[in-house]
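The data block below is work00.csv; it holds CSV, C-alpha atoms and all ligand atoms.
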chain,number,residue,atom,x,y,z
A,29,MET,CA,-108.7,-56.1,-82.4
A,30,THR,CA,-108.5,-54.4,-85.8
A,31,GLU,CA,-105.2,-52.8,-84.6
A,32,TYR,CA,-103.7,-56.2,-85.3
A,33,THR,CA,-102.8,-57.2,-88.8
A,34,LEU,CA,-105.1,-59.6,-90.7
A,35,GLU,CA,-102.5,-62.4,-90.3
A,36,LYS,CA,-102.4,-61.9,-86.6
A,37,ARG,CA,-106.2,-61.8,-86.3
A,38,TYR,CA,-106.3,-65.0,-88.4
A,39,GLN,CA,-103.9,-66.7,-86.0
A,40,ILE,CA,-106.1,-65.6,-83.1
A,41,PHE,CA,-109.1,-67.1,-84.9
A,42,LEU,CA,-107.2,-70.3,-85.5
A,43,LYS,CA,-106.3,-70.7,-81.9
A,44,PHE,CA,-109.9,-70.3,-80.9
A,45,PHE,CA,-111.1,-72.7,-83.6
A,46,GLN,CA,-108.5,-75.3,-82.9
A,47,ARG,CA,-109.4,-75.3,-79.2
A,48,GLU,CA,-113.1,-75.9,-80.2
A,49,LEU,CA,-112.0,-78.7,-82.5
A,50,ASP,CA,-109.9,-80.3,-79.9
A,51,LYS,CA,-112.9,-80.4,-77.6
A,52,MET,CA,-115.0,-82.1,-80.4
A,53,PHE,CA,-112.3,-84.7,-81.1
A,54,LYS,CA,-112.0,-85.4,-77.3
A,55,ASN,CA,-115.7,-85.7,-77.0
A,56,GLN,CA,-115.8,-88.2,-79.9
A,57,ALA,CA,-112.6,-90.0,-79.1
A,58,GLU,CA,-114.3,-93.4,-79.1
A,59,PHE,CA,-114.9,-93.1,-82.8
A,60,ILE,CA,-111.7,-91.3,-83.8
A,61,LYS,CA,-108.8,-93.5,-85.2
A,62,CYS,CA,-106.6,-90.7,-86.3
A,63,LYS,CA,-102.9,-91.2,-85.7
A,64,GLU,CA,-99.6,-90.0,-87.1
A,65,GLY,CA,-98.8,-91.5,-90.4
A,66,CYS,CA,-102.5,-92.1,-91.3
A,67,SER,CA,-103.2,-89.8,-94.3
A,68,TYR,CA,-106.1,-91.1,-96.4
A,69,CYS,CA,-107.8,-87.7,-95.7
A,70,CYS,CA,-105.0,-85.9,-97.6
A,71,GLU,CA,-104.8,-88.4,-100.5
A,72,LYS,CA,-108.1,-87.7,-102.3
A,73,GLY,CA,-109.7,-84.3,-102.2
A,74,GLU,CA,-110.2,-80.9,-103.8
A,75,TYR,CA,-109.0,-79.0,-100.7
A,76,PRO,CA,-110.9,-75.7,-100.9
A,77,PHE,CA,-108.9,-72.8,-99.4
A,78,SER,CA,-109.5,-69.1,-99.0
A,79,GLU,CA,-106.8,-66.7,-100.0
A,80,LEU,CA,-106.1,-66.0,-96.3
A,81,GLU,CA,-105.7,-69.7,-95.5
A,82,PHE,CA,-103.5,-70.1,-98.6
A,83,LYS,CA,-101.2,-67.3,-97.6
A,84,PHE,CA,-100.8,-68.7,-94.2
A,85,LEU,CA,-100.0,-72.2,-95.7
A,86,LEU,CA,-97.3,-70.6,-97.8
A,87,GLU,CA,-95.8,-69.1,-94.7
A,88,GLY,CA,-95.4,-72.7,-93.5
A,89,TYR,CA,-93.9,-73.7,-96.8
A,90,LYS,CA,-91.3,-70.9,-96.6
A,91,LYS,CA,-89.9,-72.4,-93.4
A,92,LEU,CA,-89.2,-75.8,-94.9
A,93,ASP,CA,-85.8,-77.1,-96.0
A,94,SER,CA,-84.9,-77.1,-99.7
A,95,ASP,CA,-85.3,-80.9,-100.0
A,96,THR,CA,-88.9,-80.9,-98.7
A,97,LYS,CA,-89.7,-77.9,-100.9
A,98,ALA,CA,-88.4,-79.7,-103.9
A,99,LYS,CA,-90.6,-82.7,-103.1
A,100,ILE,CA,-93.6,-80.5,-102.8
A,101,LEU,CA,-92.9,-78.8,-106.2
A,102,PHE,CA,-92.5,-82.3,-107.7
A,103,ASN,CA,-95.9,-83.3,-106.2
A,104,ILE,CA,-97.5,-80.2,-107.6
A,105,ALA,CA,-96.2,-81.1,-111.1
A,106,LYS,CA,-97.6,-84.6,-110.7
A,107,VAL,CA,-101.0,-83.3,-109.7
A,108,ASN,CA,-101.0,-81.0,-112.7
A,109,GLU,CA,-100.1,-83.9,-115.0
A,110,LYS,CA,-103.0,-85.9,-113.6
A,111,MET,CA,-105.3,-82.9,-114.0
A,112,ALA,CA,-104.3,-82.4,-117.6
A,113,ASN,CA,-105.6,-86.0,-118.3
A,114,HIS,CA,-108.7,-85.6,-116.2
A,115,LYS,CA,-111.8,-86.1,-118.3
A,116,THR,CA,-115.0,-85.5,-116.3
A,117,GLY,CA,-116.4,-84.8,-112.8
A,118,ARG,CA,-114.6,-83.3,-109.8
A,119,PHE,CA,-110.9,-83.5,-109.9
A,120,MET,CA,-109.5,-85.2,-106.8
A,121,TYR,CA,-105.9,-85.4,-106.0
A,122,ASP,CA,-103.2,-86.1,-103.4
A,123,CYS,CA,-102.4,-82.9,-101.5
A,124,PRO,CA,-98.9,-81.9,-102.7
A,125,PHE,CA,-97.9,-81.0,-99.1
A,126,LEU,CA,-98.3,-84.6,-98.0
A,127,ILE,CA,-94.7,-86.0,-97.7
A,128,GLU,CA,-94.2,-89.6,-96.5
A,129,HIS,CA,-97.8,-89.7,-95.1
A,130,ARG,CA,-97.2,-86.6,-93.0
A,131,CYS,CA,-98.4,-83.0,-93.5
A,132,SER,CA,-95.2,-80.9,-94.2
A,133,VAL,CA,-97.0,-77.7,-93.2
A,134,TYR,CA,-99.1,-79.1,-90.3
A,135,GLU,CA,-99.0,-75.9,-88.1
A,136,ASN,CA,-100.1,-73.9,-91.1
A,137,ARG,CA,-102.7,-76.3,-92.5
A,138,GLY,CA,-106.1,-75.0,-93.6
A,139,ILE,CA,-109.5,-75.1,-91.9
A,140,ILE,CA,-110.7,-78.1,-94.0
A,141,CYS,CA,-107.6,-80.0,-93.0
A,142,ARG,CA,-108.3,-79.4,-89.3
A,143,THR,CA,-111.8,-80.8,-89.6
A,144,PHE,CA,-110.9,-84.1,-91.3
A,145,GLY,CA,-112.2,-87.0,-89.4
A,146,LEU,CA,-115.2,-85.5,-87.6
A,147,LEU,CA,-118.8,-86.2,-88.3
A,148,CYS,CA,-120.2,-83.1,-90.1
A,149,GLU,CA,-123.7,-81.7,-89.8
A,150,HIS,CA,-125.0,-79.4,-92.6
A,151,ALA,CA,-127.4,-76.6,-92.2
A,152,ASP,CA,-130.3,-78.8,-93.4
A,153,GLY,CA,-129.5,-81.4,-90.8
A,154,LYS,CA,-127.9,-83.9,-93.2
A,155,LEU,CA,-124.8,-85.6,-92.0
A,156,THR,CA,-121.5,-86.3,-93.8
A,157,MET,CA,-119.4,-89.2,-92.5
A,158,PRO,CA,-115.6,-88.8,-92.6
A,159,PHE,CA,-114.8,-90.7,-95.7
A,160,CYS,CA,-112.2,-92.9,-94.0
A,161,HIS,CA,-115.1,-94.8,-92.4
A,162,GLU,CA,-114.8,-96.8,-95.6
A,163,TYR,CA,-111.4,-98.0,-94.5
A,164,GLY,CA,-112.7,-99.1,-91.2
A,165,LEU,CA,-111.5,-95.9,-89.5
A,166,ASN,CA,-113.5,-93.1,-88.0
A,167,TYR,CA,-117.1,-93.9,-87.0
A,168,SER,CA,-117.0,-97.2,-88.9
A,169,ALA,CA,-118.0,-99.1,-85.8
A,170,VAL,CA,-121.4,-97.3,-85.7
A,171,TYR,CA,-122.1,-96.7,-89.4
A,172,ASN,CA,-124.2,-99.0,-91.3
A,173,LYS,CA,-123.3,-98.6,-95.0
A,174,GLU,CA,-126.3,-100.4,-96.5
A,175,LYS,CA,-128.7,-98.3,-94.5
A,176,GLY,CA,-126.6,-95.2,-94.7
A,177,GLN,CA,-127.3,-94.6,-91.0
A,178,ILE,CA,-125.5,-94.4,-87.8
A,179,ILE,CA,-126.6,-97.3,-85.6
A,180,THR,CA,-125.7,-97.5,-82.0
A,181,THR,CA,-127.2,-100.8,-81.0
A,182,ASP,CA,-127.0,-104.3,-82.6
A,183,LYS,CA,-130.0,-106.4,-83.5
A,184,ASP,CA,-130.2,-107.7,-80.0
A,185,GLY,CA,-130.3,-104.3,-78.6
A,186,ASN,CA,-126.7,-104.4,-77.3
A,187,LYS,CA,-124.9,-101.0,-77.2
A,188,LEU,CA,-122.2,-100.6,-79.9
A,189,CYS,CA,-120.6,-97.6,-78.2
A,190,GLU,CA,-120.3,-95.8,-74.9
A,191,THR,CA,-120.4,-92.3,-76.4
A,192,GLU,CA,-123.3,-90.8,-78.3
A,193,PRO,CA,-122.1,-90.1,-81.9
A,194,LYS,CA,-122.3,-86.3,-82.4
A,195,ALA,CA,-122.1,-84.3,-85.5
A,196,PHE,CA,-120.7,-80.8,-85.7
A,197,ARG,CA,-121.2,-77.7,-87.9
A,198,ILE,CA,-117.7,-77.7,-89.3
A,199,GLN,CA,-118.2,-77.0,-93.0
A,200,ARG,CA,-115.9,-74.2,-94.1
A,201,PRO,CA,-118.6,-71.7,-95.0
A,202,HIS,CA,-120.1,-72.1,-91.6
A,203,VAL,CA,-116.8,-71.8,-89.8
A,204,MET,CA,-115.7,-68.8,-91.9
A,205,ASN,CA,-118.9,-67.1,-90.7
A,206,LEU,CA,-118.6,-67.8,-87.0
A,207,THR,CA,-119.2,-64.8,-84.8
A,208,VAL,CA,-115.6,-64.9,-83.7
A,209,ALA,CA,-114.5,-64.5,-87.3
A,210,LYS,CA,-116.8,-61.5,-87.7
A,211,ASP,CA,-115.6,-60.0,-84.4
A,212,LEU,CA,-112.0,-60.4,-85.6
A,213,ASP,CA,-113.0,-58.8,-88.9
A,214,ILE,CA,-111.5,-61.6,-90.9
A,215,ASP,CA,-111.3,-61.0,-94.6
A,216,TRP,CA,-111.0,-64.5,-96.1
A,217,GLY,CA,-110.6,-63.4,-99.7
A,218,GLU,CA,-111.6,-65.6,-102.6
A,219,SER,CA,-111.9,-69.3,-102.2
A,220,LYS,CA,-110.5,-71.9,-104.7
A,221,THR,CA,-109.0,-75.3,-104.7
A,222,LEU,CA,-105.5,-75.6,-103.3
A,223,ILE,CA,-104.1,-76.7,-106.7
A,224,ASP,CA,-105.6,-73.6,-108.4
A,225,PHE,CA,-104.0,-71.4,-105.8
A,226,LEU,CA,-100.7,-73.2,-106.1
A,227,ASN,CA,-100.7,-72.8,-109.9
A,228,GLU,CA,-101.3,-69.1,-109.6
A,229,SER,CA,-98.7,-68.6,-106.9
A,230,ASN,CA,-95.0,-68.0,-107.1
A,231,ILE,CA,-94.3,-71.0,-104.8
A,232,ALA,CA,-91.2,-72.1,-106.9
A,233,ASP,CA,-89.5,-68.8,-105.9
A,234,LEU,CA,-90.2,-69.0,-102.2
B,301,LIG,S1,-109.3,-88.5,-90.6
B,301,LIG,FE1,-109.3,-90.7,-91.1
B,301,LIG,S2,-107.8,-90.8,-92.7
B,301,LIG,FE2,-107.4,-88.9,-91.7
B,301,LIG,S3,-105.9,-89.3,-90.1
B,301,LIG,FE3,-108.0,-89.5,-89.2
B,301,LIG,S4,-108.4,-91.7,-89.4
B,301,LIG,FE4,-106.7,-91.3,-90.8
B,302,LIG,S1,-102.2,-79.2,-96.1
B,302,LIG,FE1,-101.5,-80.9,-94.9
B,302,LIG,S2,-103.3,-81.5,-93.7
B,302,LIG,FE2,-104.0,-80.2,-95.4
B,302,LIG,S3,-104.6,-81.7,-97.0
B,302,LIG,FE3,-102.4,-81.0,-97.3
B,302,LIG,S4,-101.2,-82.6,-96.3
B,302,LIG,FE4,-103.3,-82.8,-95.5
Once more with this new file: its structure as structure tokens, please.
Amino acid sequence: MTEYTLEKRYQIFLKFFQRELDKMFKNQAEFIKCKEGCSYCCEKGEYPFSELEFKFLLEGYKKLDSDTKAKILFNIAKVNEKMANHKTGRFMYDCPFLIEHRCSVYENRGIICRTFGLLCEHADGKLTMPFCHEYGLNYSAVYNKEKGQIITTDKDGNKLCETEPKAFRIQRPHVMNLTVAKDLDIDWGESKTLIDFLNESNIADL
């Protein structure tokens, strides 16, 4: 495998990982409300990326038409303006690649982007709900906000769902350490937020 370039090996990894994710989404279809044009998951985040993911994302950017590129550059400037006025806590922002509620670099999106919407299980067994449950979207039918629990039957014992809600180990550090990533000798490089990578890049010249 190492006879392939790192970019090629990453694409092989992505194919594998995307296939696994597709199975997860299919298995949990009853709770998944994702559809084209729904973009809350790209409207408030830090978007951690590795250097490798970021380079691949830029490859997608390079293929865009000049109007779309200009919109993305404008979005980056808006995020930076907002960041300059940000006082405390984690800085959350709209992803600059989101154009008219659609990802402009969908085929080249990062790992975190691909996992949006699934129920996540951490190493300590704790679960993280996809945040859009707050908008009545993914898993909202089985999540009790007051109790902070997934509940699959109502007070009369009636089933609230046909499928068992299942959480997956999809956090980036875990995914980046999957055996397949090691077998492919994937060198991820440094990780940073997307906006930090963008600000250090030469995106305006691409
Ligand atoms: S993860 Fe949530 S916000 Fe994102 S597309 Fe799916 S339903 Fe919409
Ligand atoms: S790269 Fe695309 S999928 Fe990922 S956060 Fe940005 S708009 Fe959303």
- Item | Residue nearest ligand LIG 301 (chain B) among A:Tyr68, A:Phe159, A:Tyr171, A:Phe59 (counting only C-alpha atoms and all ligand atoms) |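 Distance minimum relative to ligand LIG 301 (chain B) lands on A:Tyr68.
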- Task: Would you work out the distance separating CA of Leu49 (chain A) from CA of Thr156 (chain A), expressed in Å to one decimal?
- Result: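 Taking CA of Leu49 (chain A) and CA of Thr156 (chain A), their separation equals 16.6 Å.
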- Of the residues A:Gln46, A:Ser132, A:Thr116, A:Gln56, which is the one nearest to ligand LIG 302 (chain B), using only C-alpha atoms and all ligand atoms?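 Answer, going by the shortest atom-to-atom distance: A:Ser132.
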- Message: List as a PyMOL selection string the protein and nucleic acid residues lying within 10 Å of ligand LIG 301 (chain B), with all atoms listed in the file counted.
- Response: chain A and resi 59-71+129-130+141-146+158-167
- Expected residue set, 12 Å radius at (-99.5, -80.6, -112.8), all atoms listed in the file, as a list in words: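 Those residues lying close to the given coordinates are Ile100, Leu101, Phe102, Asn103, Ile104, Ala105, Lys106, Val107, Asn108, Glu109, Lys110, Met111, Ala112, Asn113, His114, Tyr121, Asp122, Cys123, Pro124, Ile223, Asp224, Leu226 and Asn227 of chain A.
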- Task: Show me which residues sit within 6 Å of ligand LIG 302 (chain B) when counting only C-alpha atoms and all ligand atoms, and put them as a list in words.
- Result: Cys70, Cys123, Phe125, Leu126, Cys131, Val133, Tyr134, Arg137, Gly138 and Cys141 of chain A
- Message: Taking all atoms listed in the file into account, name the residue in A:Thr180, A:Asn205, A:Ser219, A:Thr96 that is nearest to Phe41 (chain A).
- Response: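 Of A:Thr180, A:Asn205, A:Ser219, A:Thr96, the one nearest Phe41 (chain A) is A:Asn205, counting all atoms listed in the file.
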- Given the choices A:Asp233, A:Glu228, A:Glu149, A:Glu218, which gets closest to Tyr89 (chain A) if the distance is worked out from all atoms listed in the file?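 Ranked by minimum distance to Tyr89 (chain A), first place goes to A:Asp233.
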- Using CA of Arg118 (chain A) and CA of Glu74 (chain A) as the two end points, give the distance in Å to one decimal.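 Separation of CA of Arg118 (chain A) and CA of Glu74 (chain A): 7.8 Å.
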- Item | Atom-to-atom span, CA of Lys72 (chain A) and CA of Glu128 (chain A), Å | 15.2 Å
- Just give me the residues with any atom within 9 Å of (-116.7, -73.0, -95.5), file coordinates, counting all atoms listed in the file, written as a PyMOL selection string. chain A and resi 76-78+139-140+198-205
- Shell of 9 Å around Ile214 (chain A), only C-alpha atoms, local chain residues under 6 positions omitted, as a list of chain:residue names: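 With the cut-off at 9 Å, the set is A:Leu34, A:Arg37, A:Tyr38, A:Phe41, A:Leu80, A:Met204, A:Val208.
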- Quick one: of A:Thr207, A:Ser229, A:Thr221, A:Asn136, who's nearest to Phe44 (chain A), counting only C-alpha atoms? A:Thr207
